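Peer 1: mmCIF, C-alpha atoms and all ligand atoms, saved as entry-v7.cif, coming up:
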```cif
data_upload
#
loop_
_atom_site.label_atom_id
_atom_site.label_comp_id
_atom_site.auth_asym_id
_atom_site.auth_seq_id
_atom_site.Cartn_x
_atom_site.Cartn_y
_atom_site.Cartn_z
CA MET A 1 0.00 0.00 0.00
CA ARG A 2 2.95 2.34 0.57
CA LYS A 3 3.77 2.25 -3.11
CA GLN A 4 0.18 3.08 -3.87
CA GLN A 5 0.34 6.20 -1.70
CA LYS A 6 3.51 7.28 -3.48
CA ILE A 7 1.88 7.32 -6.92
CA MET A 8 -1.12 9.17 -5.53
CA LYS A 9 1.09 12.16 -4.80
CA LYS A 10 1.61 13.01 -8.47
CA ALA A 11 -1.05 13.57 -11.14
CA LEU A 12 -2.69 10.31 -12.08
CA PRO A 13 -3.80 9.52 -15.60
CA LYS A 14 -7.55 10.08 -15.73
CA HIS A 15 -8.15 7.56 -18.48
CA VAL A 16 -6.02 4.43 -18.77
CA ALA A 17 -6.52 2.06 -21.70
CA ILE A 18 -5.07 -1.45 -21.81
CA ILE A 19 -4.63 -3.81 -24.76
CA LEU A 20 -4.94 -7.12 -22.93
CA ASP A 21 -2.51 -9.16 -25.01
CA GLY A 22 -0.61 -12.39 -24.49
CA ASN A 23 -3.15 -14.77 -22.97
CA GLY A 24 -2.25 -17.43 -25.53
CA ARG A 25 1.50 -17.12 -24.99
CA TRP A 26 1.06 -17.13 -21.21
CA ALA A 27 -0.80 -20.45 -21.45
CA LYS A 28 1.58 -21.96 -23.99
CA ARG A 29 4.56 -21.26 -21.76
CA ARG A 30 2.83 -23.25 -19.02
CA GLY A 31 1.87 -26.11 -21.30
CA LEU A 32 -1.80 -25.16 -21.00
CA PRO A 33 -4.43 -24.73 -23.73
CA ARG A 34 -4.96 -21.14 -24.96
CA SER A 35 -8.39 -21.15 -23.35
CA MET A 36 -6.75 -21.29 -19.90
CA GLY A 37 -4.85 -18.14 -20.79
CA HIS A 38 -8.14 -16.42 -21.61
CA TYR A 39 -9.69 -17.64 -18.38
CA HIS A 40 -6.83 -16.31 -16.24
CA GLY A 41 -6.75 -13.13 -18.34
CA ALA A 42 -10.42 -12.46 -17.66
CA SER A 43 -10.10 -12.98 -13.93
CA ASN A 44 -7.03 -10.74 -13.91
CA LEU A 45 -9.19 -8.05 -15.49
CA LYS A 46 -11.40 -8.11 -12.44
CA ASN A 47 -8.41 -7.74 -10.07
CA ILE A 48 -6.75 -4.95 -12.03
CA THR A 49 -10.03 -3.06 -12.32
CA ILE A 50 -10.51 -3.14 -8.56
CA PHE A 51 -6.91 -2.04 -8.07
CA ALA A 52 -7.35 0.84 -10.55
CA TYR A 53 -10.44 1.86 -8.60
CA GLU A 54 -8.51 1.83 -5.33
CA VAL A 55 -5.71 3.89 -6.86
CA GLY A 56 -8.23 6.47 -8.08
CA ILE A 57 -8.24 5.99 -11.86
CA GLN A 58 -11.44 7.49 -13.25
CA VAL A 59 -11.76 5.55 -16.50
CA LEU A 60 -10.27 2.20 -17.48
CA SER A 61 -10.80 1.03 -21.07
CA VAL A 62 -9.82 -2.50 -21.97
CA TYR A 63 -9.57 -4.25 -25.32
CA ALA A 64 -11.23 -7.61 -24.79
CA PHE A 65 -12.25 -8.70 -28.31
CA SER A 66 -11.51 -6.95 -31.60
CA THR A 67 -13.49 -6.84 -34.84
CA GLU A 68 -10.58 -8.89 -36.25
CA ASN A 69 -10.67 -11.58 -33.54
CA TRP A 70 -13.57 -13.33 -35.28
CA ALA A 71 -10.88 -14.64 -37.64
CA ARG A 72 -9.58 -16.98 -34.91
CA PRO A 73 -10.49 -20.69 -34.93
CA GLN A 74 -14.18 -21.20 -34.17
CA GLU A 75 -13.40 -23.13 -31.00
CA GLU A 76 -11.42 -20.22 -29.56
CA VAL A 77 -14.07 -17.64 -30.51
CA GLU A 78 -16.70 -19.83 -28.83
CA TYR A 79 -14.63 -20.12 -25.68
CA LEU A 80 -14.12 -16.35 -25.55
CA MET A 81 -17.84 -15.71 -26.07
CA GLY A 82 -18.65 -18.19 -23.32
CA LEU A 83 -16.36 -16.48 -20.79
CA PRO A 84 -18.76 -13.75 -19.69
CA LYS A 85 -21.25 -16.45 -18.65
CA THR A 86 -18.55 -18.49 -16.87
CA LEU A 87 -17.39 -15.42 -14.95
CA GLU A 88 -20.80 -13.81 -14.54
CA GLN A 89 -20.99 -14.25 -10.79
CA GLN A 90 -17.42 -13.13 -10.18
CA PHE A 91 -17.99 -9.95 -12.18
CA LYS A 92 -21.36 -9.26 -10.63
CA ASP A 93 -19.88 -9.65 -7.15
CA ALA A 94 -17.09 -7.29 -8.08
CA PHE A 95 -18.90 -4.49 -9.88
CA ASP A 96 -22.58 -4.87 -9.30
CA ASN A 97 -22.40 -4.23 -5.57
CA LYS A 98 -22.35 -1.40 -3.10
CA ASP A 99 -18.67 -1.66 -2.17
CA TYR A 100 -17.38 -0.76 -5.60
CA ALA A 101 -19.05 2.16 -7.30
CA ILE A 102 -17.82 1.09 -10.73
CA ARG A 103 -19.95 1.75 -13.78
CA VAL A 104 -19.45 -0.84 -16.51
CA MET A 105 -20.02 0.10 -20.16
CA PHE A 106 -19.28 -1.66 -23.41
CA SER A 107 -17.94 -0.24 -26.67
CA GLY A 108 -18.20 -1.99 -30.00
CA ARG A 109 -20.65 -3.59 -32.41
CA ARG A 110 -23.62 -5.23 -30.76
CA ASP A 111 -25.22 -6.92 -33.73
CA ARG A 112 -22.87 -9.90 -34.00
CA LEU A 113 -22.67 -11.01 -30.38
CA PRO A 114 -24.47 -14.09 -29.04
CA LYS A 115 -27.77 -13.13 -27.43
CA ASP A 116 -26.83 -14.29 -23.93
CA VAL A 117 -23.59 -12.25 -24.01
CA LEU A 118 -25.49 -9.15 -25.11
CA GLU A 119 -28.09 -9.62 -22.38
CA LEU A 120 -25.42 -9.95 -19.76
CA MET A 121 -23.66 -6.83 -21.02
CA GLU A 122 -26.87 -4.85 -21.02
CA SER A 123 -27.81 -5.96 -17.53
CA LEU A 124 -24.36 -5.00 -16.17
CA GLU A 125 -24.69 -1.59 -17.87
CA GLU A 126 -28.16 -1.10 -16.46
CA ASN A 127 -27.33 -2.24 -12.91
CA THR A 128 -24.20 -0.12 -12.60
CA LYS A 129 -25.28 3.01 -14.47
CA HIS A 130 -25.72 5.02 -11.27
CA HIS A 131 -22.14 4.35 -10.12
CA THR A 132 -20.07 7.50 -10.35
CA GLN A 133 -16.60 6.72 -8.95
CA MET A 134 -15.11 4.97 -11.93
CA ILE A 135 -16.01 3.73 -15.41
CA LEU A 136 -14.84 0.39 -16.77
CA ASN A 137 -15.20 0.54 -20.55
CA VAL A 138 -14.93 -2.96 -22.01
CA CYS A 139 -14.29 -2.98 -25.76
CA VAL A 140 -15.95 -6.03 -27.29
CA ASP A 141 -16.26 -6.56 -31.07
CA TYR A 142 -14.53 -3.21 -31.12
CA GLY A 143 -12.46 -1.75 -33.95
CA SER A 144 -11.58 1.87 -34.66
CA TYR A 145 -12.21 1.50 -38.42
CA THR A 146 -15.77 0.44 -37.66
CA GLU A 147 -16.26 3.11 -35.01
CA LEU A 148 -15.04 5.93 -37.25
CA THR A 149 -16.94 4.64 -40.30
CA GLU A 150 -20.11 4.43 -38.25
CA ALA A 151 -19.58 7.96 -36.89
CA THR A 152 -19.07 9.28 -40.43
CA ARG A 153 -22.27 7.62 -41.59
CA GLN A 154 -24.28 9.10 -38.72
CA ILE A 155 -22.93 12.60 -39.34
CA CYS A 156 -23.64 12.35 -43.09
CA GLN A 157 -27.17 11.27 -42.28
CA GLN A 158 -27.59 14.34 -40.07
CA VAL A 159 -26.34 16.57 -42.89
CA LYS A 160 -28.78 14.88 -45.27
CA ASN A 161 -31.61 15.49 -42.80
CA HIS A 162 -30.56 19.17 -42.51
CA GLU A 163 -29.92 18.66 -38.80
CA ILE A 164 -26.36 19.95 -39.10
CA GLU A 165 -24.41 22.17 -41.55
CA ILE A 166 -21.18 20.83 -43.05
CA GLU A 167 -19.38 24.02 -41.94
CA ASN A 168 -20.33 23.27 -38.34
CA ILE A 169 -18.74 19.83 -38.23
CA ASP A 170 -15.77 19.95 -35.88
CA GLU A 171 -13.80 17.62 -33.59
CA HIS A 172 -16.56 17.78 -31.03
CA THR A 173 -19.10 16.55 -33.61
CA ILE A 174 -16.95 13.51 -34.33
CA GLN A 175 -16.34 12.83 -30.64
CA GLN A 176 -20.10 12.90 -30.06
CA HIS A 177 -20.57 10.01 -32.49
CA LEU A 178 -18.01 7.65 -31.02
CA TYR A 179 -18.85 4.77 -28.66
CA THR A 180 -16.72 6.65 -26.13
CA LYS A 181 -18.56 9.96 -26.48
CA GLU A 182 -18.84 10.39 -22.72
CA LEU A 183 -15.21 9.57 -21.95
CA PRO A 184 -12.19 11.87 -21.69
CA PRO A 185 -9.25 11.21 -24.05
CA VAL A 186 -6.87 8.38 -23.12
CA ASP A 187 -3.89 9.59 -21.06
CA LEU A 188 -2.02 6.32 -20.76
CA LEU A 189 -2.17 3.39 -23.15
CA ILE A 190 -0.65 0.11 -21.95
CA ARG A 191 -0.06 -2.94 -24.13
CA THR A 192 1.11 -6.14 -22.53
CA SER A 193 3.07 -9.00 -24.05
CA GLY A 194 5.70 -7.12 -26.04
CA GLU A 195 3.86 -6.15 -29.23
CA GLN A 196 4.14 -2.48 -30.09
CA ARG A 197 1.07 -1.79 -32.17
CA LEU A 198 -2.47 -0.52 -31.71
CA SER A 199 -4.31 -3.32 -33.55
CA ASN A 200 -7.21 -1.00 -34.42
CA PHE A 201 -7.77 0.16 -30.83
CA LEU A 202 -9.05 3.66 -29.94
CA LEU A 203 -7.20 5.44 -32.77
CA TRP A 204 -8.98 8.75 -32.22
CA GLN A 205 -8.95 8.55 -28.43
CA VAL A 206 -5.18 7.91 -28.06
CA ALA A 207 -4.16 10.89 -30.22
CA TYR A 208 -2.21 12.43 -27.32
CA ALA A 209 -1.83 9.43 -25.03
CA GLU A 210 1.47 8.29 -23.55
CA PHE A 211 2.27 4.73 -24.67
CA TYR A 212 3.68 2.09 -22.36
CA PHE A 213 4.72 -1.35 -23.58
CA THR A 214 5.64 -4.23 -21.31
CA LYS A 215 6.79 -7.79 -22.06
CA LYS A 216 4.57 -9.22 -19.29
CA HIS A 217 1.73 -11.34 -20.63
CA TRP A 218 -1.68 -10.07 -19.59
CA PRO A 219 -2.49 -12.81 -16.99
CA ALA A 220 0.85 -11.99 -15.30
CA PHE A 221 0.30 -8.21 -15.31
CA LYS A 222 -0.42 -7.54 -11.64
CA GLU A 223 -0.65 -4.58 -9.26
CA LYS A 224 3.13 -4.17 -9.23
CA GLN A 225 3.26 -3.84 -13.02
CA PHE A 226 0.31 -1.46 -13.01
CA ILE A 227 2.10 0.79 -10.52
CA GLN A 228 5.24 0.65 -12.69
CA ALA A 229 3.22 1.81 -15.70
CA ILE A 230 1.71 4.70 -13.77
CA LYS A 231 5.06 5.77 -12.36
CA ASN A 232 6.51 5.69 -15.84
CA TYR A 233 3.62 7.86 -17.05
CA GLN A 234 4.24 10.30 -14.20
CA SER A 235 7.87 10.68 -15.30
CA ARG A 236 6.86 11.85 -18.80
CA GLN A 237 6.55 15.42 -19.91
CA ARG A 238 3.32 16.03 -21.76
CA LYS A 239 3.47 19.06 -24.02
CA PHE A 240 0.46 18.78 -26.33
CA GLY A 241 2.34 20.64 -29.02
CA GLY A 242 3.28 23.51 -26.75
CA LEU A 243 6.61 24.19 -25.06
CA LYS A 244 7.97 22.90 -21.81
CA GLU A 245 7.31 25.34 -18.97
C1 LIG B 301 -5.32 -11.45 -25.90
O1 LIG B 301 -4.48 -12.55 -25.88
C2 LIG B 301 -6.78 -11.80 -25.80
C3 LIG B 301 -7.54 -11.61 -27.05
C4 LIG B 301 -7.09 -11.09 -28.14
C5 LIG B 301 -8.91 -12.06 -27.03
P1 LIG B 301 -4.13 -13.33 -27.21
O2 LIG B 301 -5.14 -14.41 -27.42
O3 LIG B 301 -3.98 -12.39 -28.35
O4 LIG B 301 -2.76 -13.97 -26.83
P2 LIG B 301 -1.50 -14.16 -27.78
O5 LIG B 301 -1.21 -12.82 -28.36
O6 LIG B 301 -1.90 -15.16 -28.81
O7 LIG B 301 -0.42 -14.65 -26.87
C1 LIG B 302 -5.55 -7.15 -29.95
O1 LIG B 302 -4.80 -8.29 -29.74
C2 LIG B 302 -6.97 -7.39 -29.58
C3 LIG B 302 -7.23 -7.62 -28.18
C4 LIG B 302 -6.37 -7.58 -27.21
C5 LIG B 302 -8.61 -7.89 -27.85
P1 LIG B 302 -4.50 -9.31 -30.92
O2 LIG B 302 -3.64 -10.37 -30.35
O3 LIG B 302 -5.76 -9.74 -31.57
O4 LIG B 302 -3.71 -8.38 -31.95
P2 LIG B 302 -2.68 -8.74 -33.09
O5 LIG B 302 -3.36 -9.73 -33.98
O6 LIG B 302 -1.48 -9.30 -32.43
O7 LIG B 302 -2.38 -7.43 -33.75
MG MG B 303 -2.44 -11.41 -29.21
#
```
Since I need it in another form, could you write the structure as structure tokens?
Ligand code: IPE
Ligand code: IPE
Ligand code: MG

Peer 2:
Amino acid sequence: MRKQQKIMKKALPKHVAIILDGNGRWAKRRGLPRSMGHYHGASNLKNITIFAYEVGIQVLSVYAFSTENWARPQEEVEYLMGLPKTLEQQFKDAFDNKDYAIRVMFSGRRDRLPKDVLELMESLEENTKHHTQMILNVCVDYGSYTELTEATRQICQQVKNHEIEIENIDEHTIQQHLYTKELPPVDLLIRTSGEQRLSNFLLWQVAYAEFYFTKKHWPAFKEKQFIQAIKNYQSRQRKFGGLKE
């Protein structure tokens, strides 16, 4: 806890986003099937979310399933889609209760998900919508290409309906049509497992984020590693195009 108090002294990132990568490699290294990596990865998400809440992070976005992940073998996709049900109680106990005022929301396409997954997502959103301390934004069937294409379509439709003038379209207009319209920009983006790419994650939202890459596989990314990432963020100088004071 002492370490935790230390990071609280400096400005915390408001919005942290994590690309949860490396479940498969974590499992392989242990001689386990990939599904076990996903299982441990999902339960780690619960622990890290609670830790982020205790530290005082306001928004945590996590990349759980991309629009490209449907290309994986059917068996793996089915396992991933079954995980919310398997972990339902654990997640409900963690977020849908009075001890943790965490609001859960989901970003991504909703038309391709199995019905039971969608129902579970919607009930978590509904039951936690009054929580104000922290937002957990879970990106499922999420991809920035889709998000930005969809936003463009909606804005064009508004122009067509004479609800908005082309001259009045600005950054705010675009922001208002994203899944993340209510969220502040990402301050710190973390990707586990050594890859250094965005894989179609929050392209607009990370425009001025600080990036942090770690070799740790997601199921092995614990409180200690989270603190390291935040400390590293706190050592950076953010200039937003201006000059250092
Ligand atoms: C991340 O772990 C979880 C998802 C993409 C669903 P991976 O499954 O990508 O694990 P690696 O990258 O193969 O190790
Ligand atoms: C990105 O990880 C998607 C998620 C973490 C959900 P991937 O493992 O799918 O990304 P690539 O294929 O290595 O770029
Ligand atoms: Mg991966």

Peer 1: Could you give me, as a PyMOL selection string, every polymer residue with an atom at most 12 Å away from an atom of ligand LIG 302 (chain B), counting all atoms listed in the file?

Peer 2: chain A and resi 17-25+38+41-42+61-72+77+80+108+138-144+190-202+217-218

Peer 1: Which neighbours of Met81 in chain A fall inside 9 Å, counting only C-alpha atoms, when residues of the same chain fewer than 5 positions from it are skipped, and could you give them as a PyMOL selection string?

Peer 2: chain A and resi 76+113-114+117

Peer 1: Kindly indicate which residue among A:Tyr39, A:Asp99, A:Phe106, A:Val59 lies nearest to Leu87 in chain A, using only C-alpha atoms for the distances.

Peer 2: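 Closest candidate: A:Tyr39.
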
Peer 1: Can you work out which one of A:Ile230, A:Leu83, A:Leu188, A:Ala151 has the shortest atom-to-atom distance to Ile169 in chain A, counting all atoms listed in the file?

Peer 2: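 Using all atoms listed in the file, the shortest distance to Ile169 in chain A belongs to A:Ala151.
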
Peer 1: List as a compact mmCIF listing (two decimals) with C-alpha atoms, in the frame of the given file the protein and nucleic acid residues near Phe91 in chain A, meaning an atom at most 10 Å away when all atoms listed in the file are counted, but skip any in the same chain fewer than 3 places from it.

Peer 2:
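Output contents, as saved in result_11.txt:
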```txt
# COMPACT_ATOMS: atom_id res chain seq x y z
CA ALA A 42 -10.42 -12.46 -17.66
CA SER A 43 -10.10 -12.98 -13.93
CA LEU A 45 -9.19 -8.05 -15.49
CA LYS A 46 -11.40 -8.11 -12.44
CA PRO A 84 -18.76 -13.75 -19.69
CA LYS A 85 -21.25 -16.45 -18.65
CA THR A 86 -18.55 -18.49 -16.87
CA LEU A 87 -17.39 -15.42 -14.95
CA GLU A 88 -20.80 -13.81 -14.54
CA ALA A 94 -17.09 -7.29 -8.08
CA PHE A 95 -18.90 -4.49 -9.88
CA ASP A 96 -22.58 -4.87 -9.30
CA ASN A 97 -22.40 -4.23 -5.57
CA LEU A 124 -24.36 -5.00 -16.17
```

Peer 1: Could you work out how far CA of Thr180 in chain A lies from CA of Lys10 in chain A, giving the answer in Å with one decimal?

Peer 2: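 Computing the Euclidean distance for CA of Lys10 in chain A and CA of Thr180 in chain A yields 26.2 Å.
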
Peer 1: Using all atoms listed in the file, what residues lie at most 6 Å away from (-9.0, 6.4, -12.9) (file coordinates), given as a CSV table (one decimal) with C-alpha atoms, in the coordinates of the input?

Peer 2:
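What ended up in selection.csv:
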```csv
chain,number,residue,atom,x,y,z
A,14,LYS,CA,-7.6,10.1,-15.7
A,15,HIS,CA,-8.2,7.6,-18.5
A,56,GLY,CA,-8.2,6.5,-8.1
A,57,ILE,CA,-8.2,6.0,-11.9
A,58,GLN,CA,-11.4,7.5,-13.2
A,59,VAL,CA,-11.8,5.6,-16.5
```

Peer 1: Can you measure atom C1 of ligand LIG 301 (chain B) to CA of Gly37 in chain A for me? One decimal in Å is fine.

Peer 2: 8.4 Å

Peer 1: With all atoms listed in the file as the counted atoms, please give the residues lying no more than 10 Å from Ile227 in chain A, apart from itself and same-chain residues fewer than 2 positions off, as a list in words.

Peer 2: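 That gives Lys3, Gln4, Lys6, Ile7, Phe51, Ala52, Val55, Lys222, Glu223, Lys224, Gln225, Ala229, Ile230, Lys231, Asn232 and Tyr233 of chain A.
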
Peer 1: Keeping C-alpha atoms, export the residues of the selection given above as an mmCIF file, keeping the file's coordinate frame.

Peer 2:
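As written to disk, selection_1.cif reads:
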```
data_model
loop_
_atom_site.group_PDB
_atom_site.id
_atom_site.type_symbol
_atom_site.label_atom_id
_atom_site.label_comp_id
_atom_site.auth_asym_id
_atom_site.auth_seq_id
_atom_site.Cartn_x
_atom_site.Cartn_y
_atom_site.Cartn_z
ATOM 1 C CA LYS A 3 3.770 2.250 -3.110
ATOM 2 C CA GLN A 4 0.180 3.080 -3.870
ATOM 3 C CA LYS A 6 3.510 7.280 -3.480
ATOM 4 C CA ILE A 7 1.880 7.320 -6.920
ATOM 5 C CA PHE A 51 -6.910 -2.040 -8.070
ATOM 6 C CA ALA A 52 -7.350 0.840 -10.550
ATOM 7 C CA VAL A 55 -5.710 3.890 -6.860
ATOM 8 C CA LYS A 222 -0.420 -7.540 -11.640
ATOM 9 C CA GLU A 223 -0.650 -4.580 -9.260
ATOM 10 C CA LYS A 224 3.130 -4.170 -9.230
ATOM 11 C CA GLN A 225 3.260 -3.840 -13.020
ATOM 12 C CA ALA A 229 3.220 1.810 -15.700
ATOM 13 C CA ILE A 230 1.710 4.700 -13.770
ATOM 14 C CA LYS A 231 5.060 5.770 -12.360
ATOM 15 C CA ASN A 232 6.510 5.690 -15.840
ATOM 16 C CA TYR A 233 3.620 7.860 -17.050
#
```

Peer 1: Report the centre and edge lengths, in Å to one decimal, of an axis-aligned box enclosing every atom of range 56-64 of chain A listed in the file, padded by 8 Å on each side, as lines of an AutoDock Vina configuration file.

Peer 2:
```
center_x = -10.0
center_y = -0.1
center_z = -16.7
size_x = 19.5
size_y = 31.1
size_z = 33.2
```

Peer 1: Find the distance between CA of Lys98 in chain A and CA of Asn47 in chain A and write it in Å to one decimal.

Peer 2: 16.8 Å

Peer 1: Can you tell me, as a short mmCIF file (atom, residue, chain, number, x, y, z; two decimals) with C-alpha atoms, keeping the file's coordinate frame, what residues are no more than 12 Å from Glu182 in chain A when counting all atoms listed in the file, ignoring any on the same chain fewer than 5 positions away?

Peer 2:
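File written: selection_11.cif
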```cif
data_model
loop_
_atom_site.label_atom_id
_atom_site.label_comp_id
_atom_site.auth_asym_id
_atom_site.auth_seq_id
_atom_site.Cartn_x
_atom_site.Cartn_y
_atom_site.Cartn_z
CA HIS A 15 -8.15 7.56 -18.48
CA VAL A 59 -11.76 5.55 -16.50
CA MET A 105 -20.02 0.10 -20.16
CA SER A 107 -17.94 -0.24 -26.67
CA ILE A 135 -16.01 3.73 -15.41
CA ASN A 137 -15.20 0.54 -20.55
CA HIS A 172 -16.56 17.78 -31.03
CA GLN A 175 -16.34 12.83 -30.64
CA GLN A 176 -20.10 12.90 -30.06
CA HIS A 177 -20.57 10.01 -32.49
CA GLN A 205 -8.95 8.55 -28.43
#
```

Peer 1: Which is closer to Glu171 in chain A than all the others in A:Leu118, A:Ile155, A:Ile102, A:Met36, using only C-alpha atoms?

Peer 2: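 Ranked by minimum distance to Glu171 in chain A, first place goes to A:Ile155.
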
Peer 1: For a quick check of understanding, using all atoms listed in the file, which of A:Lys215, A:Pro13, A:Val186, A:Lys244 has the smallest distance to ligand LIG 301 (chain B)?

Peer 2: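 Of the candidates, the smallest distance to ligand LIG 301 (chain B) is held by A:Lys215.
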
Peer 1: For Trp204 in chain A, which of A:Tyr100, A:Phe221, A:Tyr179, A:Phe226 is the closest residue, counting only C-alpha atoms?

Peer 2: A:Tyr179

Peer 1: Between A:Thr146, A:Gln90, A:Val16, A:Ile48, which one has atoms that come closest to Leu189 in chain A, using all atoms listed in the file?

Peer 2: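 Counting all atoms listed in the file, the residue closest to Leu189 in chain A is A:Val16.
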
Peer 1: With C-alpha atoms as the atom set, please write range 93-171 of chain A from the structure just given, as a compact mmCIF listing (two decimals), in the first residue's frame.

Peer 2:
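Below is the file result_4.txt, written as the result:
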```txt
# COMPACT_ATOMS: atom_id res chain seq x y z
CA ASP A 93 -19.88 -9.65 -7.15
CA ALA A 94 -17.09 -7.29 -8.08
CA PHE A 95 -18.90 -4.49 -9.88
CA ASP A 96 -22.58 -4.87 -9.30
CA ASN A 97 -22.40 -4.23 -5.57
CA LYS A 98 -22.35 -1.40 -3.10
CA ASP A 99 -18.67 -1.66 -2.17
CA TYR A 100 -17.38 -0.76 -5.60
CA ALA A 101 -19.05 2.16 -7.30
CA ILE A 102 -17.82 1.09 -10.73
CA ARG A 103 -19.95 1.75 -13.78
CA VAL A 104 -19.45 -0.84 -16.51
CA MET A 105 -20.02 0.10 -20.16
CA PHE A 106 -19.28 -1.66 -23.41
CA SER A 107 -17.94 -0.24 -26.67
CA GLY A 108 -18.20 -1.99 -30.00
CA ARG A 109 -20.65 -3.59 -32.41
CA ARG A 110 -23.62 -5.23 -30.76
CA ASP A 111 -25.22 -6.92 -33.73
CA ARG A 112 -22.87 -9.90 -34.00
CA LEU A 113 -22.67 -11.01 -30.38
CA PRO A 114 -24.47 -14.09 -29.04
CA LYS A 115 -27.77 -13.13 -27.43
CA ASP A 116 -26.83 -14.29 -23.93
CA VAL A 117 -23.59 -12.25 -24.01
CA LEU A 118 -25.49 -9.15 -25.11
CA GLU A 119 -28.09 -9.62 -22.38
CA LEU A 120 -25.42 -9.95 -19.76
CA MET A 121 -23.66 -6.83 -21.02
CA GLU A 122 -26.87 -4.85 -21.02
CA SER A 123 -27.81 -5.96 -17.53
CA LEU A 124 -24.36 -5.00 -16.17
CA GLU A 125 -24.69 -1.59 -17.87
CA GLU A 126 -28.16 -1.10 -16.46
CA ASN A 127 -27.33 -2.24 -12.91
CA THR A 128 -24.20 -0.12 -12.60
CA LYS A 129 -25.28 3.01 -14.47
CA HIS A 130 -25.72 5.02 -11.27
CA HIS A 131 -22.14 4.35 -10.12
CA THR A 132 -20.07 7.50 -10.35
CA GLN A 133 -16.60 6.72 -8.95
CA MET A 134 -15.11 4.97 -11.93
CA ILE A 135 -16.01 3.73 -15.41
CA LEU A 136 -14.84 0.39 -16.77
CA ASN A 137 -15.20 0.54 -20.55
CA VAL A 138 -14.93 -2.96 -22.01
CA CYS A 139 -14.29 -2.98 -25.76
CA VAL A 140 -15.95 -6.03 -27.29
CA ASP A 141 -16.26 -6.56 -31.07
CA TYR A 142 -14.53 -3.21 -31.12
CA GLY A 143 -12.46 -1.75 -33.95
CA SER A 144 -11.58 1.87 -34.66
CA TYR A 145 -12.21 1.50 -38.42
CA THR A 146 -15.77 0.44 -37.66
CA GLU A 147 -16.26 3.11 -35.01
CA LEU A 148 -15.04 5.93 -37.25
CA THR A 149 -16.94 4.64 -40.30
CA GLU A 150 -20.11 4.43 -38.25
CA ALA A 151 -19.58 7.96 -36.89
CA THR A 152 -19.07 9.28 -40.43
CA ARG A 153 -22.27 7.62 -41.59
CA GLN A 154 -24.28 9.10 -38.72
CA ILE A 155 -22.93 12.60 -39.34
CA CYS A 156 -23.64 12.35 -43.09
CA GLN A 157 -27.17 11.27 -42.28
CA GLN A 158 -27.59 14.34 -40.07
CA VAL A 159 -26.34 16.57 -42.89
CA LYS A 160 -28.78 14.88 -45.27
CA ASN A 161 -31.61 15.49 -42.80
CA HIS A 162 -30.56 19.17 -42.51
CA GLU A 163 -29.92 18.66 -38.80
CA ILE A 164 -26.36 19.95 -39.10
CA GLU A 165 -24.41 22.17 -41.55
CA ILE A 166 -21.18 20.83 -43.05
CA GLU A 167 -19.38 24.02 -41.94
CA ASN A 168 -20.33 23.27 -38.34
CA ILE A 169 -18.74 19.83 -38.23
CA ASP A 170 -15.77 19.95 -35.88
CA GLU A 171 -13.80 17.62 -33.59
```
